[in-house]
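Pasting structure-v3.txt here (compact mmCIF, C-alpha atoms):
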# COMPACT_ATOMS: atom_id res chain seq x y z
CA MET P 1 -3.23 8.98 36.06
CA TYR P 2 -1.26 6.49 38.12
CA GLU P 3 -0.38 7.34 41.68
CA THR P 4 2.53 9.67 42.24
CA THR P 5 4.09 11.64 45.07
CA TYR P 6 4.36 15.39 44.76
CA HIS P 7 7.29 17.42 46.12
CA ARG P 8 7.72 21.18 46.07
CA ALA P 9 11.41 21.98 45.72
CA SER P 10 12.81 25.04 47.48
CA SER P 11 16.00 25.28 45.43
CA ALA P 12 17.61 23.66 42.41
CA ASP P 13 19.85 21.59 44.70
CA ASP P 14 16.82 20.49 46.72
CA ALA P 15 15.07 19.48 43.49
CA VAL P 16 18.03 17.40 42.35
CA SER P 17 18.42 15.69 45.70
CA ARG P 18 14.71 14.83 45.83
CA ALA P 19 14.88 13.50 42.26
CA SER P 20 17.97 11.41 43.06
CA SER P 21 16.36 9.78 46.07
CA ALA P 22 13.11 9.03 44.24
CA GLY P 23 12.56 5.70 42.53
CA ASP P 24 11.56 7.20 39.21
CA GLY P 25 11.31 10.92 39.78
CA LYS P 26 10.57 13.58 37.20
CA PHE P 27 10.92 17.34 37.40
CA LEU P 28 7.57 19.08 37.03
CA SER P 29 7.58 22.60 35.67
CA GLY P 30 4.44 24.01 34.02
CA GLY P 31 3.25 20.48 33.39
CA MET P 32 1.70 21.35 30.04
CA THR P 33 3.17 18.21 28.47
CA LEU P 34 4.01 16.01 31.45
CA LEU P 35 0.56 16.08 33.09
CA PRO P 36 -1.37 15.21 29.89
CA THR P 37 1.16 12.41 29.27
CA MET P 38 0.55 11.09 32.79
CA LYS P 39 -3.21 11.35 32.34
CA GLN P 40 -2.89 9.13 29.28
CA ARG P 41 -0.78 6.75 31.37
CA LEU P 42 2.07 7.12 28.92
CA ALA P 43 4.24 8.28 31.83
CA ALA P 44 4.05 7.14 35.42
CA PRO P 45 6.76 8.82 37.50
CA SER P 46 6.84 7.69 41.13
CA ASP P 47 7.61 11.25 42.20
CA LEU P 48 7.02 14.71 40.77
CA ILE P 49 9.42 17.43 41.85
CA ASP P 50 7.81 20.82 41.27
CA VAL P 51 10.46 23.40 40.33
CA THR P 52 8.16 26.36 39.75
CA HIS P 53 8.53 27.76 43.27
CA ILE P 54 12.31 28.14 43.03
CA ALA P 55 12.82 31.91 43.03
CA ASP P 56 16.30 31.74 41.44
CA MET P 57 14.85 29.97 38.41
CA LYS P 58 12.28 32.62 37.54
CA GLY P 59 12.44 35.83 35.57
CA VAL P 60 14.13 37.53 32.65
CA SER P 61 17.20 39.72 33.03
CA VAL P 62 18.87 41.79 30.34
CA SER P 63 22.36 43.12 30.94
CA GLY P 64 23.84 44.92 27.96
CA SER P 65 23.18 42.54 25.09
CA THR P 66 23.14 39.44 27.29
CA VAL P 67 19.73 37.97 28.04
CA THR P 68 19.24 35.41 30.81
CA ILE P 69 15.91 33.65 31.35
CA GLY P 70 15.22 31.45 34.36
CA ALA P 71 14.07 27.97 33.42
CA ALA P 72 10.81 28.26 35.37
CA THR P 73 9.80 31.49 33.62
CA THR P 74 6.42 31.08 31.95
CA HIS P 75 5.74 31.76 28.28
CA ALA P 76 3.47 34.65 29.34
CA GLU P 77 6.28 36.21 31.38
CA VAL P 78 8.73 35.89 28.48
CA ALA P 79 6.16 37.30 26.04
CA ASN P 80 5.45 40.35 28.19
CA ASP P 81 8.89 41.20 29.55
CA ALA P 82 9.60 44.84 28.68
CA GLY P 83 13.40 44.42 28.72
CA LEU P 84 13.27 41.39 26.44
CA LYS P 85 10.88 43.10 24.03
CA LYS P 86 13.56 45.77 23.59
CA ALA P 87 16.59 43.49 23.49
CA CYS P 88 15.17 40.58 21.48
CA SER P 89 11.56 41.14 20.46
CA SER P 90 11.60 38.07 18.20
CA LEU P 91 11.84 35.77 21.23
CA ALA P 92 9.08 37.60 23.12
CA ASN P 93 6.96 37.34 20.00
CA LEU P 94 7.64 33.61 19.70
CA ALA P 95 6.55 33.09 23.31
CA SER P 96 3.33 35.01 22.69
CA HIS P 97 2.27 32.44 20.09
CA ILE P 98 2.85 29.23 22.04
CA GLY P 99 -0.37 27.33 22.82
CA ASP P 100 -3.06 29.63 24.16
CA PRO P 101 -3.21 32.25 26.95
CA ALA P 102 -3.97 29.76 29.74
CA VAL P 103 -1.21 27.42 28.56
CA ARG P 104 1.21 30.36 28.43
CA ASN P 105 0.40 31.12 32.07
CA ARG P 106 1.71 27.69 33.11
CA GLY P 107 4.19 26.40 30.52
CA THR P 108 7.84 27.31 31.01
CA ILE P 109 10.89 27.74 28.79
CA GLY P 110 12.89 25.16 30.75
CA GLY P 111 10.13 22.59 30.47
CA SER P 112 9.79 23.14 26.74
CA ILE P 113 13.52 22.81 26.14
CA ALA P 114 13.91 19.74 28.36
CA ASN P 115 11.04 18.01 26.55
CA ASN P 116 12.39 18.95 23.09
CA ASP P 117 9.14 18.18 21.32
CA PRO P 118 9.94 18.12 17.59
CA ALA P 119 7.18 20.68 17.04
CA ALA P 120 7.98 22.99 19.97
CA ASP P 121 9.00 26.59 19.28
CA TYR P 122 11.67 27.31 21.91
CA PRO P 123 14.23 24.73 20.73
CA ALA P 124 14.46 26.57 17.37
CA ALA P 125 15.00 29.84 19.22
CA MET P 126 17.75 28.38 21.40
CA LEU P 127 19.60 26.97 18.38
CA ALA P 128 19.24 30.10 16.26
CA LEU P 129 20.26 32.40 19.12
CA GLY P 130 23.26 30.21 19.92
CA ALA P 131 21.99 30.01 23.49
CA THR P 132 23.78 28.45 26.43
CA ILE P 133 21.69 26.05 28.52
CA HIS P 134 22.61 26.29 32.21
CA THR P 135 21.99 23.17 34.28
CA THR P 136 22.73 22.04 37.80
CA LYS P 137 25.82 20.26 36.43
CA ARG P 138 27.23 22.42 33.61
CA GLU P 139 26.71 24.86 30.80
CA VAL P 140 25.89 23.34 27.42
CA SER P 141 25.59 25.04 24.05
CA ALA P 142 22.22 24.64 22.35
CA ASP P 143 24.06 22.94 19.46
CA GLU P 144 25.12 20.16 21.81
CA PHE P 145 21.97 20.16 23.93
CA PHE P 146 19.33 19.05 21.41
CA THR P 147 20.24 15.53 20.34
CA GLY P 148 17.10 14.33 18.52
CA MET P 149 13.34 14.10 18.75
CA PHE P 150 12.40 14.32 22.47
CA GLU P 151 16.10 13.75 23.24
CA THR P 152 18.53 16.10 24.95
CA ALA P 153 21.96 15.95 26.54
CA LEU P 154 20.35 16.11 30.03
CA ALA P 155 21.08 13.35 32.54
CA ASP P 156 18.17 12.05 34.63
CA ASP P 157 19.18 14.00 37.72
CA GLU P 158 20.18 17.14 35.84
CA LEU P 159 17.91 20.17 35.95
CA ILE P 160 17.92 23.16 33.60
CA THR P 161 18.20 26.32 35.71
CA ALA P 162 18.40 29.02 33.02
CA VAL P 163 19.22 29.85 29.43
CA SER P 164 21.32 32.76 28.23
CA PHE P 165 22.27 34.29 24.90
CA ASP P 166 23.54 37.45 23.28
CA ALA P 167 20.72 39.29 21.57
CA PRO P 168 21.17 39.21 17.79
CA SER P 169 21.20 42.41 15.74
CA LYS P 170 18.27 41.05 13.73
CA GLY P 171 15.99 38.12 14.33
CA ALA P 172 12.56 36.74 13.60
CA TYR P 173 10.58 33.54 13.94
CA ALA P 174 7.91 32.45 11.48
CA LYS P 175 5.78 29.39 11.99
CA PHE P 176 2.99 27.64 10.20
CA PRO P 177 0.86 26.32 13.04
CA ASN P 178 -1.19 23.18 12.72
CA PRO P 179 -4.73 24.58 12.42
CA ALA P 180 -6.01 22.35 15.24
CA SER P 181 -3.16 21.92 17.73
CA ARG P 182 -1.26 25.13 16.97
CA TYR P 183 2.01 23.24 17.20
CA ALA P 184 4.44 24.22 14.47
CA MET P 185 4.19 22.17 11.28
CA ALA P 186 7.23 24.16 10.31
CA GLY P 187 8.82 26.98 12.26
CA VAL P 188 11.98 28.81 11.28
CA TYR P 189 13.98 31.14 13.51
CA VAL P 190 16.51 33.35 11.74
CA ALA P 191 19.08 35.35 13.73
CA GLN P 192 21.80 37.60 12.39
CA SER P 193 24.70 39.03 14.38
CA GLY P 194 27.38 40.81 12.40
CA GLY P 195 28.22 38.56 9.46
CA ASP P 196 27.01 35.46 11.26
CA VAL P 197 23.56 34.08 10.41
CA ARG P 198 21.94 31.15 12.18
CA VAL P 199 18.77 29.46 10.93
CA ALA P 200 16.98 26.83 13.02
CA VAL P 201 14.00 24.76 11.92
CA THR P 202 11.40 23.08 14.13
CA GLY P 203 8.24 21.07 13.48
CA ALA P 204 9.39 19.62 10.20
CA SER P 205 12.22 17.14 10.59
CA SER P 206 11.97 13.58 11.81
CA ASP P 207 15.23 14.24 13.71
CA GLY P 208 13.70 17.14 15.63
CA VAL P 209 15.01 20.70 15.61
CA TYR P 210 17.99 21.37 13.30
CA ARG P 211 20.11 24.13 11.80
CA ALA P 212 19.78 24.73 8.07
CA ALA P 213 23.43 25.15 7.10
CA ASP P 214 22.88 26.01 3.45
CA MET P 215 20.35 28.72 4.34
CA GLU P 216 22.81 30.10 6.88
CA SER P 217 25.58 30.48 4.31
CA ALA P 218 23.22 31.83 1.66
CA LEU P 219 21.89 34.45 4.09
CA ALA P 220 25.37 35.32 5.35
CA GLY P 221 26.20 36.19 1.74
CA SER P 222 23.05 38.19 1.19
CA PHE P 223 20.43 38.67 3.89
CA ASN P 224 17.23 38.74 1.85
CA GLU P 225 14.37 36.42 0.92
CA GLY P 226 15.78 35.72 -2.53
CA ALA P 227 18.81 34.05 -0.97
CA ILE P 228 16.54 31.20 0.20
CA ASP P 229 15.43 30.39 -3.37
CA GLY P 230 18.65 28.60 -4.19
CA CYS P 231 18.55 26.45 -1.05
CA SER P 232 17.13 22.95 -1.07
CA VAL P 233 15.37 21.18 1.79
CA ASP P 234 15.79 17.40 1.81
CA GLU P 235 12.36 15.73 1.83
CA GLY P 236 13.96 12.53 3.07
CA ASN P 237 14.39 14.00 6.56
CA MET P 238 10.92 15.53 6.82
CA LEU P 239 8.05 14.26 8.93
CA SER P 240 5.18 12.82 6.95
CA ASP P 241 1.81 12.34 8.66
CA ILE P 242 -1.90 13.11 8.35
CA HIS P 243 -1.13 16.80 8.77
CA GLY P 244 1.24 17.08 5.84
CA SER P 245 3.51 15.06 3.56
CA ALA P 246 7.29 15.30 3.59
CA ALA P 247 7.24 17.31 0.36
CA TYR P 248 4.69 19.72 1.85
CA ARG P 249 6.78 20.25 4.95
CA ALA P 250 9.98 20.69 2.95
CA ASN P 251 8.28 23.46 1.01
CA LEU P 252 6.88 24.99 4.20
CA VAL P 253 10.40 25.23 5.64
CA LYS P 254 11.47 27.43 2.75
CA VAL P 255 8.33 29.54 2.91
CA MET P 256 8.71 30.06 6.67
CA ALA P 257 12.40 30.86 6.26
CA LYS P 258 11.53 33.55 3.74
CA ARG P 259 8.86 34.98 5.99
CA ALA P 260 11.29 35.05 8.91
CA VAL P 261 13.93 36.85 6.83
CA ALA P 262 11.33 39.35 5.65
CA ALA P 263 10.13 39.94 9.22
CA ALA P 264 13.69 40.35 10.49
CA GLY P 265 14.07 43.14 7.93
CA MET W 266 -2.21 11.83 50.17
CA ALA W 267 -1.44 15.50 50.61
CA LYS W 268 -2.99 18.26 52.64
CA VAL W 269 -3.94 21.34 50.67
CA GLN W 270 -5.00 24.76 51.78
CA MET W 271 -6.18 27.43 49.38
CA THR W 272 -8.50 30.36 49.08
CA VAL W 273 -11.42 29.56 46.81
CA ASN W 274 -13.70 32.44 45.85
CA GLY W 275 -12.55 34.39 48.87
CA LYS W 276 -13.02 31.58 51.39
CA SER W 277 -10.11 29.76 52.97
CA VAL W 278 -10.54 26.01 52.49
CA ALA W 279 -8.45 23.00 53.45
CA GLY W 280 -8.67 19.36 52.53
CA THR W 281 -6.80 16.17 51.83
CA VAL W 282 -6.28 15.04 48.26
CA GLU W 283 -4.40 12.35 46.44
CA ASP W 284 -1.23 13.81 44.96
CA ARG W 285 -2.55 12.93 41.52
CA THR W 286 -5.89 14.71 41.97
CA LEU W 287 -6.45 17.35 39.32
CA LEU W 288 -7.43 20.82 40.45
CA VAL W 289 -10.68 20.60 38.46
CA ASP W 290 -11.64 17.38 40.24
CA TYR W 291 -10.86 18.88 43.63
CA LEU W 292 -13.02 21.92 42.83
CA ARG W 293 -15.92 19.88 41.45
CA ASP W 294 -15.89 16.85 43.75
CA GLY W 295 -14.12 18.19 46.81
CA ARG W 296 -15.70 21.64 46.96
CA ASN W 297 -18.93 20.99 45.02
CA LEU W 298 -18.11 23.84 42.65
CA THR W 299 -19.48 22.18 39.54
CA GLY W 300 -19.59 25.34 37.43
CA THR W 301 -16.06 24.55 36.26
CA HIS W 302 -16.46 21.94 33.53
CA VAL W 303 -14.37 19.14 32.11
CA GLY W 304 -14.73 19.14 28.36
CA CYS W 305 -11.85 17.66 26.42
CA ASP W 306 -9.69 16.77 29.44
CA THR W 307 -6.64 17.43 27.23
CA SER W 308 -6.09 21.16 27.92
CA GLN W 309 -7.48 22.27 24.59
CA CYS W 310 -11.14 23.23 25.05
CA GLY W 311 -10.94 25.66 27.97
CA ALA W 312 -14.19 24.61 29.70
CA CYS W 313 -12.12 24.14 32.88
CA VAL W 314 -10.50 27.59 32.99
CA VAL W 315 -10.26 29.09 36.48
CA HIS W 316 -8.04 31.85 37.85
CA VAL W 317 -5.08 30.79 39.96
CA ASP W 318 -3.44 33.76 41.69
CA GLY W 319 -5.17 36.02 39.19
CA LYS W 320 -4.14 34.13 36.06
CA ALA W 321 -6.29 32.00 33.76
CA VAL W 322 -5.29 28.37 34.00
CA LYS W 323 -6.71 25.13 32.62
CA SER W 324 -7.61 23.32 35.81
CA CYS W 325 -7.70 19.91 34.09
CA THR W 326 -3.95 20.24 33.58
CA MET W 327 -2.89 21.28 37.05
CA LEU W 328 -2.73 19.17 40.17
CA ALA W 329 -4.62 20.31 43.24
CA VAL W 330 -1.35 20.11 45.22
CA GLN W 331 0.27 22.50 42.76
CA ALA W 332 -2.38 25.03 43.79
CA ASP W 333 -1.63 24.59 47.51
CA GLY W 334 -1.42 28.07 49.04
CA SER W 335 -2.97 29.74 45.99
CA ASP W 336 -5.93 32.03 45.55
CA ILE W 337 -8.50 30.47 43.20
CA THR W 338 -11.46 32.10 41.52
CA THR W 339 -14.04 29.96 39.76
CA ILE W 340 -17.13 30.99 37.81
CA GLU W 341 -19.10 30.79 41.08
CA GLY W 342 -16.89 33.53 42.52
CA LEU W 343 -17.63 36.22 39.95
CA ALA W 344 -21.16 37.36 40.81
CA ALA W 345 -21.58 39.71 43.75
CA GLY W 346 -24.49 38.16 45.62
CA GLY W 347 -27.48 38.29 43.27
CA ASP W 348 -25.77 40.65 40.81
CA LEU W 349 -24.11 39.04 37.86
CA HIS W 350 -20.56 40.07 37.05
CA PRO W 351 -20.59 42.48 34.06
CA MET W 352 -19.07 39.76 31.83
CA GLN W 353 -21.79 37.28 32.86
CA ALA W 354 -24.47 39.90 32.22
CA ALA W 355 -22.96 40.63 28.79
CA PHE W 356 -23.14 36.94 27.82
CA ARG W 357 -26.80 36.89 28.83
CA GLU W 358 -27.67 40.11 27.03
CA ASN W 359 -25.86 39.20 23.83
CA HIS W 360 -26.97 35.58 23.67
CA GLY W 361 -23.36 34.47 24.03
CA LEU W 362 -24.25 30.86 24.69
CA GLN W 363 -26.43 28.08 23.43
CA CYS W 364 -25.90 24.83 25.32
CA GLY W 365 -23.79 26.66 27.91
CA PHE W 366 -21.19 23.98 28.50
CA CYS W 367 -18.22 26.10 27.44
CA THR W 368 -19.59 29.29 29.01
CA PRO W 369 -17.90 29.17 32.45
CA GLY W 370 -14.50 28.79 30.78
CA MET W 371 -15.33 31.42 28.17
CA ILE W 372 -16.26 33.90 30.88
CA MET W 373 -13.19 33.16 33.02
CA SER W 374 -10.96 33.58 29.95
CA ALA W 375 -12.80 36.76 29.01
CA VAL W 376 -12.33 38.31 32.45
CA ASP W 377 -8.63 37.35 32.35
CA MET W 378 -8.40 38.98 28.93
CA VAL W 379 -9.77 42.26 30.27
CA ASN W 380 -7.51 42.10 33.33
CA ARG W 381 -4.49 41.82 31.07
CA LEU W 382 -5.44 43.93 28.09
CA GLY W 383 -7.96 46.45 29.37
CA GLY W 384 -11.58 47.09 28.52
CA ASP W 385 -11.20 48.28 24.95
CA LEU W 386 -10.89 45.04 22.98
CA ASP W 387 -11.31 44.79 19.22
CA GLU W 388 -12.76 41.75 17.49
CA GLY W 389 -9.40 40.50 16.20
CA THR W 390 -7.87 40.59 19.67
CA ILE W 391 -10.82 38.78 21.23
CA ARG W 392 -10.77 36.05 18.59
CA ALA W 393 -7.00 35.57 18.94
CA GLU W 394 -7.24 35.48 22.73
CA LEU W 395 -9.98 32.83 22.54
CA GLU W 396 -7.49 30.41 20.99
CA GLY W 397 -7.79 28.08 23.97
CA ASN W 398 -11.58 28.09 24.37
CA ILE W 399 -13.68 25.95 22.11
CA CYS W 400 -17.44 26.31 21.56
CA ARG W 401 -19.29 23.81 19.39
CA CYS W 402 -22.64 25.63 19.23
CA THR W 403 -22.47 29.33 18.62
CA GLY W 404 -19.94 29.84 15.86
CA TYR W 405 -18.32 32.30 18.30
CA HIS W 406 -19.98 35.38 16.83
CA ASN W 407 -22.12 36.20 19.86
CA ILE W 408 -19.36 35.16 22.26
CA VAL W 409 -17.08 37.75 20.68
CA LYS W 410 -19.87 40.32 20.88
CA SER W 411 -20.51 39.43 24.54
CA ILE W 412 -16.85 39.77 25.45
CA ALA W 413 -16.55 43.15 23.74
CA ALA W 414 -19.63 44.37 25.64
CA GLY W 415 -18.52 42.81 28.93
CA ALA W 416 -15.05 44.27 28.57
CA SER W 417 -16.40 47.69 27.97
CA ALA W 418 -18.76 47.35 30.95
CA MET W 419 -15.81 46.30 33.13
CA GLY W 420 -14.19 49.63 32.41
CA ALA W 421 -13.03 50.90 29.04
CA GLY W 422 -9.29 51.33 28.79
CA SER W 423 -8.53 50.33 32.36
CA LYS W 424 -6.92 47.13 33.50
CA GLN W 425 -9.44 46.81 36.27
CA ALA W 426 -9.22 43.99 38.77
CA ALA W 427 -12.40 42.01 38.30
CA GLU W 428 -12.29 39.93 41.41
Starting from the file, lay out its structure as structure tokens.
Amino acid sequence: MYETTYHRASSADDAVSRASSAGDGKFLSGGMTLLPTMKQRLAAPSDLIDVTHIADMKGVSVSGSTVTIGAATTHAEVANDAGLKKACSSLANLASHIGDPAVRNRGTIGGSIANNDPAADYPAAMLALGATIHTTKREVSADEFFTGMFETALADDELITAVSFDAPSKGAYAKFPNPASRYAMAGVYVAQSGGDVRVAVTGASSDGVYRAADMESALAGSFNEGAIDGCSVDEGNMLSDIHGSAAYRANLVKVMAKRAVAAAG
Amino acid sequence: MAKVQMTVNGKSVAGTVEDRTLLVDYLRDGRNLTGTHVGCDTSQCGACVVHVDGKAVKSCTMLAVQADGSDITTIEGLAAGGDLHPMQAAFRENHGLQCGFCTPGMIMSAVDMVNRLGGDLDEGTIRAELEGNICRCTGYHNIVKSIAAGASAMGAGSKQAAE
């Protein structure tokens, strides 16, 4: 790892001001991606601004059907939150299958979303739940936030502070994890609220997380596994690598979608 | 350089580290606590697991400065004097190791598991919870057996604090 200077931010504003005055500063949350990337010398920020000690950015709150999760809340905290398990168990369940227990004790929802790894789980959840991403500058819908593989609408000096969403009436996430890394080779989050169905896919597309519009309309018509049969997944957009061909991933997307619908009940 | 102060295995310690120093390197080189191992160095194998403020963490993927002010327990902090911690004793009794390289991380993860889930752990739970700890010798069978025995010795059904 190249040299860097560590800062511990006391508030979101403090974090932003430290990042702005740094030469090439980066926000550090759980560090589960950033630190390995720095160790490989693929990233060399001059300054690291640790946001995990900002009290306002931690914790889950449920008020009626509205769920708000602080950006620095760890996967373990999301997975085990009693209020969230009641309001939106599918998201708690998703969090309980990210990485491994030690990773879940450090990694955070804000860090995962800001990184927008094409195989990360949370971006699919945010899209399917129609979440709002709260930053130090604005509120952005998940639809506008994720702009491509490892790309988001965030500016360099913009920090995610929280995410919020209305809990769906039904929801589930199904993923096929890579047997070695446990990252999703295909993960599908299905959420239904009234007549509205949203389906988001991670791990599979070369454009990163996306919404499967044809599955959404098929499921809005009839919310059952059979509705997925008539949908097609374009192989042309799928990732193809040593872990699986584009055709394999395209098929996995349908299989995971069916499993998610079945689990949502 | 940064000054760090933390409690390691019950003792308050202070030192100066480079901001980029990993917690595992500070523990091994700065504090001579070489029981915590570096295996893969990519946060996958779990040989470096320690407890930070009571939670299992991969110390190869945390900076020492991030742990400033924290309470750290390493494998050296588990035994009470000459008496092995029940989880350590269970690994010995059940032949839960061969080369032993992964064992400190296995035991720290196992104790964390019991702290979170209680002493009554079934095989499926133990195997799922060992997702982040890799052993290349044993085939896991005796590790799983050791953890079940250690968990039960730590107190069946209770989420007992082990440290």
(request) Could you please tell me, as a PyMOL selection string, which residues of chain P have an atom within 7 Å of chain W when using all atoms listed in the file? (result) chain P and resi 1+3-6+32+35-36+100-103+105
(message) With all atoms listed in the file as the counted atoms, please give the residues lying no more than 8 Å from Ala250 in chain P, apart from itself and same-chain residues fewer than 2 positions off, as a list in words.
(response) Ala204, Val233, Asp234, Glu235, Met238, Ala246, Ala247, Tyr248, Leu252, Val253 and Lys254 of chain P
(message) Excluding Val51 in chain P and its own-chain neighbours fewer than 3 positions away, which residues fall within 7 Å of it when counting all atoms listed in the file? Please give them as a ChimeraX atom specification.
(response) /P:8-9,15,27-29,54,72
(request) May I ask which of the residues P:Asn178, P:Ser61, P:Asn224, P:Gln40 is the closest one to Ile242 in chain P, counting only C-alpha atoms? (result) P:Asn178
Tell me which protein, DNA and RNA residues are within 10 Å of Glu151 in chain P, counting all atoms listed in the file, leaving out same-chain ones fewer than 6 positions away, and put them as a short mmCIF file (atom, residue, chain, number, x, y, z; two decimals) with C-alpha atoms, keeping the file's coordinate frame.
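The resulting out-v6.cif:
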data_model
loop_
_atom_site.label_atom_id
_atom_site.label_comp_id
_atom_site.auth_asym_id
_atom_site.auth_seq_id
_atom_site.Cartn_x
_atom_site.Cartn_y
_atom_site.Cartn_z
CA ILE P 113 13.52 22.81 26.14
CA ALA P 114 13.91 19.74 28.36
CA ASN P 115 11.04 18.01 26.55
CA ASN P 116 12.39 18.95 23.09
CA ASP P 117 9.14 18.18 21.32
CA PRO P 118 9.94 18.12 17.59
CA PHE P 145 21.97 20.16 23.93
CA ASP P 207 15.23 14.24 13.71
CA GLY P 208 13.70 17.14 15.63
#
(request) Kindly give the distance, in Å, that separates CA of Asp385 in chain W and CA of Pro351 in chain W, rounded to a single decimal. (result)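 The value is 14.3 Å.
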(request) With a distance cut-off of 12 Å and all atoms listed in the file, select the neighbouring residues of Ala414 in chain W, excluding the residue or stretch itself and same-chain residues fewer than 3 positions from it, and output the selection as an MDAnalysis selection string. (result) chainID W and resid 351:361 375:376 379 384:388 391 407:411 417:421
(message) For Ala263 in chain P, find every residue with an atom within 9 Å (counting only C-alpha atoms), except residues of its own chain fewer than 5 positions away, and show them as a list in words.
(response)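 Using only C-alpha atoms, the neighbours found are Gly171, Ala172, Tyr173, Ala174 and Lys258 of chain P.
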(request) Work out how far CA of Ile98 in chain P is from CA of Lys58 in chain P, in Å to one decimal. (result)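 Atom-to-atom, CA of Lys58 in chain P and CA of Ile98 in chain P are spaced 18.5 Å apart.
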(message) I need the residue nearest Arg106 in chain P from this list: W:Ile340, W:Cys400, W:Ala332, W:Phe366. Use all atoms listed in the file for the distance.
(response)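 For Arg106 in chain P, the nearest of the candidates is W:Ala332.
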